[in-house]
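Asker: Got a structure for you, written out below as structure tokens; questions coming shortly.
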Amino acid sequence: MTPPTTGAPVAPAPAASHAPAAPPAPSAKTAPPVRPAAGALDLWTLLPLVATVLLLALPVPGAGTPDSRGALPADLASGVAVLCCLGRLLARRVRPLPAGAVLVAGLAVTGFAVATVTASDPVTALPGFVRYLQVFVLVPLAVCLTIRDARGFRFLTAALVLLAVIQGFVGVRQFATGTGASYMGEEVRAVGTFGPGDIMGMATVVAYGMLAAVPYALCPPAPARRWLRPCTLLVTAGLVVALAVSFSRGSWIATALAALTVVALTGRRTATRSLLVLGALSVVVVGGFGIGSDMVRERLSSVTDVARAPDRSVNDRYALWEAAGSMWRERPATGVGLKAFPEFRDGHASIGLSSGSDTEGAGQKFRRQALLSPHNMYLLVLGEQGLIGFVTVVGGWLAVLVASVRALFLARRRRAGAIDCGLVAVGLVVWQTIDFLYADIGGPTTVLTGVVLGLGAWWALSVPDEAAGA
């Protein structure tokens with residue numbers, strides 16, 4: 001008879017060994033490395049870029065006038081940021097960008113170079129080449145390569161918000177005390193520290209700050225959700241006031257469209273609640289408190305008059321647009337050359353173009369300011385750089401916009417973190433592409449265009465799961 005198996009002796013278990021376990025054999029499919037979270041050292045590398053933003057809070061003597069030509073402190077800080085980024089890349093000896101991003105940057109440089117060497121005076125066009133290279137290639141690449149993850153992105157956008165708050169406070173104070181730029185016979189137009197010669201400076205900065213703050217009110221990161229949402233709502237309310245008293249129709253339109261885009265991308269439920277809150281906020285701030293309500297109403301009604309009965313400034317803008325188009329038709333492939341618009345303007349503009357615009361107020365005496373650009377970036381590129389420049393440069397902006405929107409949808413589908421960063425990036429790039437319909441580069445805030453494009457490019461190139469690891 002066979003004995004039961006339950007009574008069989010059991011071999012003792014081997015003693016536990018303190019030797020380290022052997023590493024697993026490498027598999028054919030290795031997971032991609034995850035970038036380490038940004039620490040204090042990583043945030044230190046962002047300081048040159050933060051300085052680039054915050055130095056624009058300093059008053060610029062003679063801003064927007066011939067007296068202010070030359071490198072400004074913010075431009076010098078951006079140069080330091082580019083050099084620091086280059087130094088880190090040389091030390092690491094790695095290829096930092098995918099082939100697609102290198103192609104987009106290379107095409108832009110090619111377009112600038114062609115417009116420079118084919119200009120009627122290449123020496124005069126050379127400063128334009130350097131400026132375009134700074135704003136549309138070097139600074140965006142420095143931003144894109146310096147930011148390590150979402151914490152770095154939020155650190156830099158916080159600087160944009162802080163700059164907007166400072167300039168907005170100065171602008172609202174100018175409106176309240178009657179010390180702003182001249183508008184409708186009163187010195188009430190908010191221009192911040194940029195002066196009446198750079199009438200769009202404060203409006204641009206405030207719009208950037210609003211679009212950097214609103215996404216954190218809609219989708220705040222989890223660790224700071226309790227306090228960040230009410231703070232950003234309060235900041236947004238103040239920036240709405242500052243933007244309103246800038247009396248900039250173009251900035252109002254661009255900010256409204258960009259904000260609606262951001263709200264729509266948050267989802268149907270969040271979008272509905274957000275639209276109600278933003279609508280009530282605008283009514284209370286501008287209508288309820290009566291902050292510039294009469295002038296704002298008049299300025300809004302003038303938007304429809306642009307097509308029916310345009311004023312002198314609008315007529316001048318139409319004439320400048322036609323001049324840029326005429327330059328392109330004369331030299332369709334390469335344009336007239338960088339920085340050549342003022343030289344060729346009178347030969348292509350209609351007789352109805354005035355000699356300049358009047359500026360006054362905000363500590364500046366009456367001054368006649370020459371019209372040196374068409375106030376439309378797309379037409380400026382087309383007129384000065386031709387089809388070659390238009391395709392290579394504007395194509396790069398479009399690539400950043402499309403890629404950033406695609407990355408946002410990808411992040412939402414994966415339920416990844418850092419959705420707030422994606423909303424900021426998309427909102428800023430959308431605003432910039434709309435703003436270029438009625439404005440172009442020029443003035444102290446030009447360097448911020450490169451920062452904005454860099455934020456959009458970082459989000460477009462980042463993997464959402466990695467961006468979430470802040």
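By order of appearance in the structure tokens: chains A, B, ..., then residues from 1 within every chain, and ligands from 1 in the order shown.
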Give me every helix (DSSP H, G or I) residue in range 338-395 of chain A, going by DSSP on the backbone, as a PDB file with C-alpha atoms, in the first residue's frame.
Answerer:
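Done, and the output landed in result-v6.pdb:
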```
ATOM      1  CA  PHE A 341      10.484  98.392 -46.708  1.00  0.00           C
ATOM      2  CA  PRO A 342      11.092 102.044 -45.640  1.00  0.00           C
ATOM      3  CA  GLU A 343      13.354 102.600 -48.648  1.00  0.00           C
ATOM      4  CA  PHE A 344      10.834 101.274 -51.181  1.00  0.00           C
ATOM      5  CA  ARG A 345       7.660 102.467 -49.410  1.00  0.00           C
ATOM      6  CA  ASP A 346       7.163 105.802 -51.162  1.00  0.00           C
ATOM      7  CA  GLY A 347       7.721 104.300 -54.595  1.00  0.00           C
ATOM      8  CA  HIS A 348       4.944 101.742 -54.062  1.00  0.00           C
ATOM      9  CA  MET A 377       3.886  90.572 -40.476  1.00  0.00           C
ATOM     10  CA  TYR A 378       2.744  88.311 -43.291  1.00  0.00           C
ATOM     11  CA  LEU A 379       2.810  91.144 -45.822  1.00  0.00           C
ATOM     12  CA  LEU A 380       6.128  92.389 -44.443  1.00  0.00           C
ATOM     13  CA  VAL A 381       7.688  88.959 -45.005  1.00  0.00           C
ATOM     14  CA  LEU A 382       6.108  88.708 -48.443  1.00  0.00           C
ATOM     15  CA  GLY A 383       7.279  92.173 -49.512  1.00  0.00           C
ATOM     16  CA  GLU A 384      10.816  91.949 -48.100  1.00  0.00           C
ATOM     17  CA  GLN A 385      11.527  88.216 -48.528  1.00  0.00           C
ATOM     18  CA  GLY A 386       9.255  87.162 -51.374  1.00  0.00           C
ATOM     19  CA  LEU A 387       7.726  83.722 -51.808  1.00  0.00           C
ATOM     20  CA  ILE A 388      10.940  81.998 -50.704  1.00  0.00           C
ATOM     21  CA  GLY A 389      10.889  83.741 -47.340  1.00  0.00           C
ATOM     22  CA  PHE A 390       7.123  83.490 -46.974  1.00  0.00           C
ATOM     23  CA  VAL A 391       7.102  79.712 -47.458  1.00  0.00           C
ATOM     24  CA  THR A 392      10.118  79.027 -45.247  1.00  0.00           C
ATOM     25  CA  VAL A 393       9.296  81.457 -42.417  1.00  0.00           C
ATOM     26  CA  VAL A 394       5.504  81.398 -42.270  1.00  0.00           C
ATOM     27  CA  GLY A 395       5.616  77.653 -42.903  1.00  0.00           C
TER      28      GLY A 395
END
```
Asker: Can you work out which one of A:Leu428, A:Ala142, A:Leu218, A:Leu239 has the shortest atom-to-atom distance to Thr52 in chain A, counting only C-alpha atoms?
Answerer: A:Ala142
Asker: Would you kindly return, as a ChimeraX atom specification, each protein, DNA or RNA residue with an atom no farther than 10 Å from any atom of Gln432 in chain A, considering only C-alpha atoms and excluding same-chain residues fewer than 5 positions away?
Answerer: /A:204,207-208,254-255,258,397,401,426-427,437,439-440,449,452-453
Asker: Those residues with all heavy atoms, as a short mmCIF file (atom, residue, chain, number, x, y, z; two decimals), in the first residue's frame please?
Answerer:
```cif
data_model
loop_
_atom_site.label_atom_id
_atom_site.label_comp_id
_atom_site.auth_asym_id
_atom_site.auth_seq_id
_atom_site.Cartn_x
_atom_site.Cartn_y
_atom_site.Cartn_z
N THR A 204 0.44 93.96 -25.84
CA THR A 204 1.03 92.66 -26.17
C THR A 204 1.43 91.90 -24.92
O THR A 204 1.13 90.71 -24.76
CB THR A 204 2.26 92.87 -27.08
OG1 THR A 204 1.86 93.48 -28.31
CG2 THR A 204 2.95 91.55 -27.38
N ALA A 207 -1.64 90.74 -22.98
CA ALA A 207 -2.29 89.61 -23.65
C ALA A 207 -1.52 88.31 -23.41
O ALA A 207 -2.12 87.26 -23.14
CB ALA A 207 -2.39 89.89 -25.15
N TYR A 208 -0.19 88.37 -23.50
CA TYR A 208 0.62 87.19 -23.18
C TYR A 208 0.33 86.71 -21.76
O TYR A 208 0.16 85.50 -21.50
CB TYR A 208 2.11 87.51 -23.30
CG TYR A 208 2.64 87.62 -24.71
CD1 TYR A 208 3.78 88.39 -24.98
CD2 TYR A 208 2.04 86.97 -25.78
CE1 TYR A 208 4.29 88.50 -26.26
CE2 TYR A 208 2.55 87.07 -27.06
CZ TYR A 208 3.67 87.84 -27.30
OH TYR A 208 4.18 87.95 -28.57
N ALA A 254 -7.52 89.51 -31.02
CA ALA A 254 -6.61 88.37 -30.94
C ALA A 254 -6.74 87.65 -29.60
O ALA A 254 -6.75 86.41 -29.54
CB ALA A 254 -5.17 88.83 -31.16
N THR A 255 -6.85 88.41 -28.51
CA THR A 255 -6.96 87.79 -27.19
C THR A 255 -8.27 87.04 -27.05
O THR A 255 -8.31 85.92 -26.49
CB THR A 255 -6.84 88.86 -26.09
OG1 THR A 255 -5.62 89.59 -26.27
CG2 THR A 255 -6.84 88.23 -24.72
N ALA A 258 -8.00 83.81 -29.17
CA ALA A 258 -7.09 82.85 -28.56
C ALA A 258 -7.67 82.26 -27.28
O ALA A 258 -7.56 81.05 -27.02
CB ALA A 258 -5.74 83.52 -28.27
N TRP A 397 6.11 78.86 -38.69
CA TRP A 397 5.11 79.24 -37.69
C TRP A 397 3.91 78.30 -37.73
O TRP A 397 3.40 77.86 -36.68
CB TRP A 397 4.64 80.67 -37.92
CG TRP A 397 5.71 81.69 -37.96
CD1 TRP A 397 6.96 81.58 -37.41
CD2 TRP A 397 5.65 82.98 -38.57
NE1 TRP A 397 7.68 82.72 -37.66
CE2 TRP A 397 6.91 83.60 -38.36
CE3 TRP A 397 4.66 83.68 -39.25
CZ2 TRP A 397 7.20 84.88 -38.83
CZ3 TRP A 397 4.94 84.95 -39.72
CH2 TRP A 397 6.19 85.55 -39.52
N LEU A 401 2.35 75.76 -34.79
CA LEU A 401 0.95 75.80 -34.36
C LEU A 401 0.29 74.44 -34.51
O LEU A 401 -0.35 73.94 -33.57
CB LEU A 401 0.20 76.85 -35.19
CG LEU A 401 -1.31 76.97 -34.94
CD1 LEU A 401 -1.59 77.32 -33.50
CD2 LEU A 401 -1.92 78.00 -35.88
N VAL A 426 -0.60 76.54 -26.85
CA VAL A 426 -1.51 76.73 -27.98
C VAL A 426 -2.09 78.14 -27.96
O VAL A 426 -2.17 78.81 -29.00
CB VAL A 426 -2.62 75.67 -27.95
CG1 VAL A 426 -3.70 75.98 -28.98
CG2 VAL A 426 -2.04 74.29 -28.21
N GLY A 427 -2.52 78.62 -26.79
CA GLY A 427 -3.10 79.95 -26.70
C GLY A 427 -2.13 81.04 -27.14
O GLY A 427 -2.50 81.95 -27.89
N LEU A 437 -1.55 89.53 -38.17
CA LEU A 437 -2.41 90.05 -39.22
C LEU A 437 -2.49 91.58 -39.19
O LEU A 437 -2.82 92.21 -40.19
CB LEU A 437 -3.82 89.47 -39.10
CG LEU A 437 -3.97 87.98 -39.44
CD1 LEU A 437 -5.36 87.51 -39.06
CD2 LEU A 437 -3.69 87.72 -40.92
N ALA A 439 -0.07 93.48 -37.04
CA ALA A 439 1.15 94.00 -36.41
C ALA A 439 2.35 93.23 -36.95
O ALA A 439 2.20 92.18 -37.58
CB ALA A 439 1.07 93.86 -34.89
N ASP A 440 3.53 93.77 -36.71
CA ASP A 440 4.75 93.09 -37.10
C ASP A 440 5.78 93.26 -36.00
O ASP A 440 5.48 93.84 -34.95
CB ASP A 440 5.27 93.63 -38.44
CG ASP A 440 5.30 95.15 -38.50
OD1 ASP A 440 5.78 95.76 -37.53
OD2 ASP A 440 4.82 95.71 -39.49
N THR A 449 8.39 87.57 -28.79
CA THR A 449 7.89 86.73 -29.87
C THR A 449 8.69 85.44 -29.95
O THR A 449 8.13 84.35 -30.12
CB THR A 449 7.96 87.48 -31.21
OG1 THR A 449 7.23 88.71 -31.11
CG2 THR A 449 7.37 86.64 -32.34
N VAL A 452 7.69 83.18 -26.99
CA VAL A 452 6.39 82.54 -27.22
C VAL A 452 6.51 81.38 -28.21
O VAL A 452 5.98 80.29 -27.99
CB VAL A 452 5.38 83.59 -27.72
CG1 VAL A 452 4.14 82.93 -28.32
CG2 VAL A 452 4.99 84.52 -26.58
N LEU A 453 7.21 81.60 -29.31
CA LEU A 453 7.40 80.53 -30.29
C LEU A 453 8.19 79.38 -29.68
O LEU A 453 7.96 78.21 -30.00
CB LEU A 453 8.09 81.07 -31.53
CG LEU A 453 7.28 82.06 -32.38
CD1 LEU A 453 8.12 82.59 -33.53
CD2 LEU A 453 6.01 81.40 -32.91
#
```
Asker: Point out the residue among A:Ile434, A:Ala217, A:Ala425, A:Leu56 with the least atom-to-atom distance to Trp458 in chain A, counting only C-alpha atoms.
Answerer: A:Ala425
Asker: A:Ala407, A:Phe129, A:Leu353, A:Leu320: which is nearest Ala457 in chain A, counting only C-alpha atoms?
Answerer: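 The closest residue to Ala457 in chain A is A:Ala407.
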Asker: Take CA of Ser251 in chain A and CA of Arg189 in chain A and report the distance between them in Å, one decimal.
Answerer: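 These atoms are spaced 13.8 Å apart.
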Asker: In range 306-429 of chain A, what's strand (DSSP E) per DSSP? Answer as a list of chain:residue names?
Answerer: A:Ser357, A:Asp358, A:Thr359, A:Glu360, A:Gly361, A:Gln364, A:Lys365, A:Phe366, A:Arg367, A:Arg368, A:Gln369
Asker: Next, write the just-selected residues to a file, as a PDB file, in the first residue's frame, keeping N, CA, C and O atoms as the atom set.
Answerer:
```pdb
ATOM      1  N   SER A 357       2.417 109.130 -38.106  1.00  0.00           N
ATOM      2  CA  SER A 357       1.356 109.179 -37.098  1.00  0.00           C
ATOM      3  C   SER A 357       1.792 110.062 -35.938  1.00  0.00           C
ATOM      4  O   SER A 357       2.983 110.187 -35.647  1.00  0.00           O
ATOM      5  N   ASP A 358       0.824 110.668 -35.282  1.00  0.00           N
ATOM      6  CA  ASP A 358       1.102 111.571 -34.170  1.00  0.00           C
ATOM      7  C   ASP A 358       1.126 110.792 -32.861  1.00  0.00           C
ATOM      8  O   ASP A 358       0.214 109.997 -32.578  1.00  0.00           O
ATOM      9  N   THR A 359       2.154 111.017 -32.045  1.00  0.00           N
ATOM     10  CA  THR A 359       2.240 110.390 -30.731  1.00  0.00           C
ATOM     11  C   THR A 359       2.516 111.477 -29.695  1.00  0.00           C
ATOM     12  O   THR A 359       3.253 112.429 -29.946  1.00  0.00           O
ATOM     13  N   GLU A 360       1.920 111.279 -28.508  1.00  0.00           N
ATOM     14  CA  GLU A 360       2.064 112.275 -27.454  1.00  0.00           C
ATOM     15  C   GLU A 360       1.599 111.654 -26.154  1.00  0.00           C
ATOM     16  O   GLU A 360       0.802 110.703 -26.136  1.00  0.00           O
ATOM     17  N   GLY A 361       2.076 112.198 -25.057  1.00  0.00           N
ATOM     18  CA  GLY A 361       1.625 111.765 -23.742  1.00  0.00           C
ATOM     19  C   GLY A 361       2.574 110.779 -23.095  1.00  0.00           C
ATOM     20  O   GLY A 361       3.609 110.398 -23.662  1.00  0.00           O
ATOM     21  N   GLN A 364       5.992 112.065 -22.870  1.00  0.00           N
ATOM     22  CA  GLN A 364       6.658 112.385 -24.132  1.00  0.00           C
ATOM     23  C   GLN A 364       5.949 113.544 -24.812  1.00  0.00           C
ATOM     24  O   GLN A 364       4.717 113.604 -24.840  1.00  0.00           O
ATOM     25  N   LYS A 365       6.730 114.444 -25.364  1.00  0.00           N
ATOM     26  CA  LYS A 365       6.152 115.563 -26.089  1.00  0.00           C
ATOM     27  C   LYS A 365       5.620 115.108 -27.442  1.00  0.00           C
ATOM     28  O   LYS A 365       5.880 113.998 -27.880  1.00  0.00           O
ATOM     29  N   PHE A 366       4.892 116.002 -28.078  1.00  0.00           N
ATOM     30  CA  PHE A 366       4.330 115.677 -29.393  1.00  0.00           C
ATOM     31  C   PHE A 366       5.450 115.288 -30.351  1.00  0.00           C
ATOM     32  O   PHE A 366       6.492 115.924 -30.426  1.00  0.00           O
ATOM     33  N   ARG A 367       5.207 114.193 -31.078  1.00  0.00           N
ATOM     34  CA  ARG A 367       6.212 113.695 -32.003  1.00  0.00           C
ATOM     35  C   ARG A 367       5.514 113.095 -33.217  1.00  0.00           C
ATOM     36  O   ARG A 367       4.476 112.428 -33.098  1.00  0.00           O
ATOM     37  N   ARG A 368       6.090 113.342 -34.363  1.00  0.00           N
ATOM     38  CA  ARG A 368       5.597 112.738 -35.607  1.00  0.00           C
ATOM     39  C   ARG A 368       6.411 111.483 -35.872  1.00  0.00           C
ATOM     40  O   ARG A 368       7.632 111.547 -36.062  1.00  0.00           O
ATOM     41  N   GLN A 369       5.743 110.336 -35.833  1.00  0.00           N
ATOM     42  CA  GLN A 369       6.436 109.064 -35.969  1.00  0.00           C
ATOM     43  C   GLN A 369       6.261 108.510 -37.375  1.00  0.00           C
ATOM     44  O   GLN A 369       5.145 108.357 -37.870  1.00  0.00           O
TER      45      GLN A 369
END
```
Asker: Please report the interatomic distance between CA of Val161 in chain A and CA of Val206 in chain A in Å with one decimal.
Answerer: 8.0 Å
Asker: When you draw a straight line from CA of Pro215 in chain A to CA of Val170 in chain A, how long is it in Å?
Answerer: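 Pair CA of Pro215 in chain A / CA of Val170 in chain A returns 24.3 Å.
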Asker: For range 412-424 of chain A, work out the shell of residues within 10 Å, counting only C-alpha atoms and skipping chain neighbours fewer than 5 positions away, then give it as an MDAnalysis selection string.
Answerer: chainID A and resid 149:151 153:154 157 208:222 259 261:263 265:267 404:407 429:430 452 455:456 458:460 463:470
